[in-house]
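J.: So I've got this file, target-v7.cif, and it contains mmCIF, C-alpha atoms, pLDDT in the B column; chains and numbers go by the auth columns:
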```
data_entry
loop_
_atom_site.group_PDB
_atom_site.id
_atom_site.type_symbol
_atom_site.label_atom_id
_atom_site.label_comp_id
_atom_site.label_asym_id
_atom_site.label_seq_id
_atom_site.Cartn_x
_atom_site.Cartn_y
_atom_site.Cartn_z
_atom_site.B_iso_or_equiv
_atom_site.auth_seq_id
_atom_site.auth_asym_id
ATOM 1 C CA MET A 1 118.307 10.001 58.686 64.00 8 A
ATOM 2 C CA MET A 2 115.174 10.399 56.602 65.00 9 A
ATOM 3 C CA ALA A 3 116.646 8.295 53.829 65.00 10 A
ATOM 4 C CA ARG A 4 117.420 5.504 56.269 70.00 11 A
ATOM 5 C CA ALA A 5 113.947 5.703 57.810 71.00 12 A
ATOM 6 C CA PHE A 6 112.387 5.286 54.358 68.00 13 A
ATOM 7 C CA SER A 7 115.077 2.884 53.064 68.00 14 A
ATOM 8 C CA VAL A 8 116.130 5.011 50.093 67.00 15 A
ATOM 9 C CA PRO A 9 119.401 6.697 49.112 64.00 16 A
ATOM 10 C CA VAL A 10 119.771 10.267 50.407 66.00 17 A
ATOM 11 C CA ASP A 11 120.170 11.828 46.972 63.00 18 A
ATOM 12 C CA ALA A 12 117.053 10.037 45.768 64.00 19 A
ATOM 13 C CA LEU A 13 114.938 12.120 48.151 66.00 20 A
ATOM 14 C CA PHE A 14 115.851 15.277 46.266 63.00 21 A
ATOM 15 C CA GLU A 15 115.628 14.143 42.643 59.00 22 A
ATOM 16 C CA GLY A 16 112.440 14.954 40.765 58.00 23 A
ATOM 17 C CA VAL A 17 110.103 12.394 39.254 48.00 24 A
ATOM 18 C CA ASP A 18 107.200 13.571 37.109 49.00 25 A
ATOM 19 C CA GLY A 19 104.040 11.792 38.228 54.00 26 A
ATOM 20 C CA ARG A 20 103.715 8.087 38.933 53.00 27 A
ATOM 21 C CA ASN A 21 101.842 6.824 35.874 60.00 28 A
ATOM 22 C CA GLY A 22 103.868 4.366 33.856 68.00 29 A
ATOM 23 C CA LEU A 23 106.669 4.130 36.426 74.00 30 A
ATOM 24 C CA ASP A 24 108.100 0.849 37.634 83.00 31 A
ATOM 25 C CA GLU A 25 107.429 -0.294 41.198 84.00 32 A
ATOM 26 C CA ALA A 26 110.834 0.769 42.519 85.00 33 A
ATOM 27 C CA THR A 27 110.347 4.300 41.192 84.00 34 A
ATOM 28 C CA LYS A 28 106.810 4.487 42.598 81.00 35 A
ATOM 29 C CA THR A 29 108.113 3.386 45.996 84.00 36 A
ATOM 30 C CA LEU A 30 110.840 5.993 45.823 85.00 37 A
ATOM 31 C CA GLN A 31 108.303 8.700 44.944 82.00 38 A
ATOM 32 C CA LEU A 32 106.126 7.714 47.906 82.00 39 A
ATOM 33 C CA ALA A 33 109.159 7.878 50.217 83.00 40 A
ATOM 34 C CA ARG A 34 109.996 11.360 48.900 83.00 41 A
ATOM 35 C CA ASN A 35 106.436 12.490 49.521 82.00 42 A
ATOM 36 C CA LYS A 36 106.554 11.170 53.097 83.00 43 A
ATOM 37 C CA CYS A 37 109.872 12.925 53.692 82.00 44 A
ATOM 38 C CA HIS A 38 108.565 16.235 52.380 82.00 45 A
ATOM 39 C CA THR A 39 105.390 15.889 54.449 80.00 46 A
ATOM 40 C CA VAL A 40 107.381 15.330 57.624 80.00 47 A
ATOM 41 C CA VAL A 41 109.669 18.284 56.935 82.00 48 A
ATOM 42 C CA ASP A 42 106.752 20.539 55.969 81.00 49 A
ATOM 43 C CA ARG A 43 105.047 19.800 59.299 79.00 50 A
ATOM 44 C CA ALA A 44 108.031 21.079 61.246 82.00 51 A
ATOM 45 C CA SER A 45 107.034 24.491 62.569 85.00 52 A
ATOM 46 C CA SER A 46 110.603 25.627 63.277 90.00 53 A
ATOM 47 C CA VAL A 47 114.238 24.650 62.992 89.00 54 A
ATOM 48 C CA THR A 48 114.096 23.566 66.634 92.00 55 A
ATOM 49 C CA VAL A 49 111.281 21.121 65.900 89.00 56 A
ATOM 50 C CA LEU A 50 113.100 19.779 62.842 87.00 57 A
ATOM 51 C CA THR A 51 116.275 19.346 64.899 89.00 58 A
ATOM 52 C CA SER A 52 114.320 17.455 67.558 90.00 59 A
ATOM 53 C CA MET A 53 112.816 15.204 64.896 85.00 60 A
ATOM 54 C CA ALA A 54 116.299 14.456 63.545 86.00 61 A
ATOM 55 C CA LYS A 55 117.482 13.561 67.057 90.00 62 A
ATOM 56 C CA VAL A 56 114.605 11.108 67.454 88.00 63 A
ATOM 57 C CA LEU A 57 115.449 9.491 64.128 82.00 64 A
ATOM 58 C CA ARG A 58 119.112 9.218 65.178 86.00 65 A
ATOM 59 C CA ALA A 59 118.057 7.576 68.439 88.00 66 A
ATOM 60 C CA LEU A 60 115.854 5.114 66.555 85.00 67 A
ATOM 61 C CA GLN A 61 118.706 4.374 64.183 82.00 68 A
ATOM 62 C CA ASP A 62 120.992 3.525 67.104 75.00 69 A
ATOM 63 C CA THR A 63 118.580 0.851 68.325 68.00 70 A
ATOM 64 C CA ASP A 64 118.826 -1.173 65.086 54.00 71 A
#
```
Is it possible to give me this structure as C-alpha cells?

T.:
Amino acid sequence: MMARAFSVPVDALFEGVDGRNGLDEATKTLQLARNKCHTVVDRASSVTVLTSMAKVLRALQDTD
C-alpha cells in the first residue's frame, strides 16, 4: 500500500541508497519516497495504529 501511495515498486522501499548527491532524478525521487514511508511507519505507536493506517490506505486505493 505504501508503495502505491508513493508510486514506487514495493521492493524499492527497502533497498538502500547512500546519500542523494550525484544521483539521477528518478533515484532522488525514490529516496524521498523511502524516507516518507519510513517516517510514516516510525510515527505508528503500535501495531494497531499501523494496521489502521494500512486500512485507510487500502480504502483510498479502492477509490481510484

J.: As JSON, what would the box around region 34-45 of chain A look like: edges along x, y and z, 3 Å added on every side, centre and edge lengths in Å to one decimal?

T.:
```
{"center_x": 108.5, "center_y": 9.8, "center_z": 47.4, "size_x": 10.7, "size_y": 18.8, "size_z": 18.5}
```

J.: Just how far from CA of Leu67 (chain A) is CA of Cys44 (chain A), in Å to one decimal?

T.: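 Those two atoms sit 16.2 Å apart.
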
J.: Which value, in Å to one decimal, gives the distance between CA of Ser59 (chain A) and CA of Thr36 (chain A)?

T.: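 Rounded to one decimal, the two atoms are 26.5 Å apart.
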
J.: In Å, how far is it from CA of Thr34 (chain A) to CA of Asp69 (chain A)?

T.: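 Here the two named atoms are 28.0 Å from each other.
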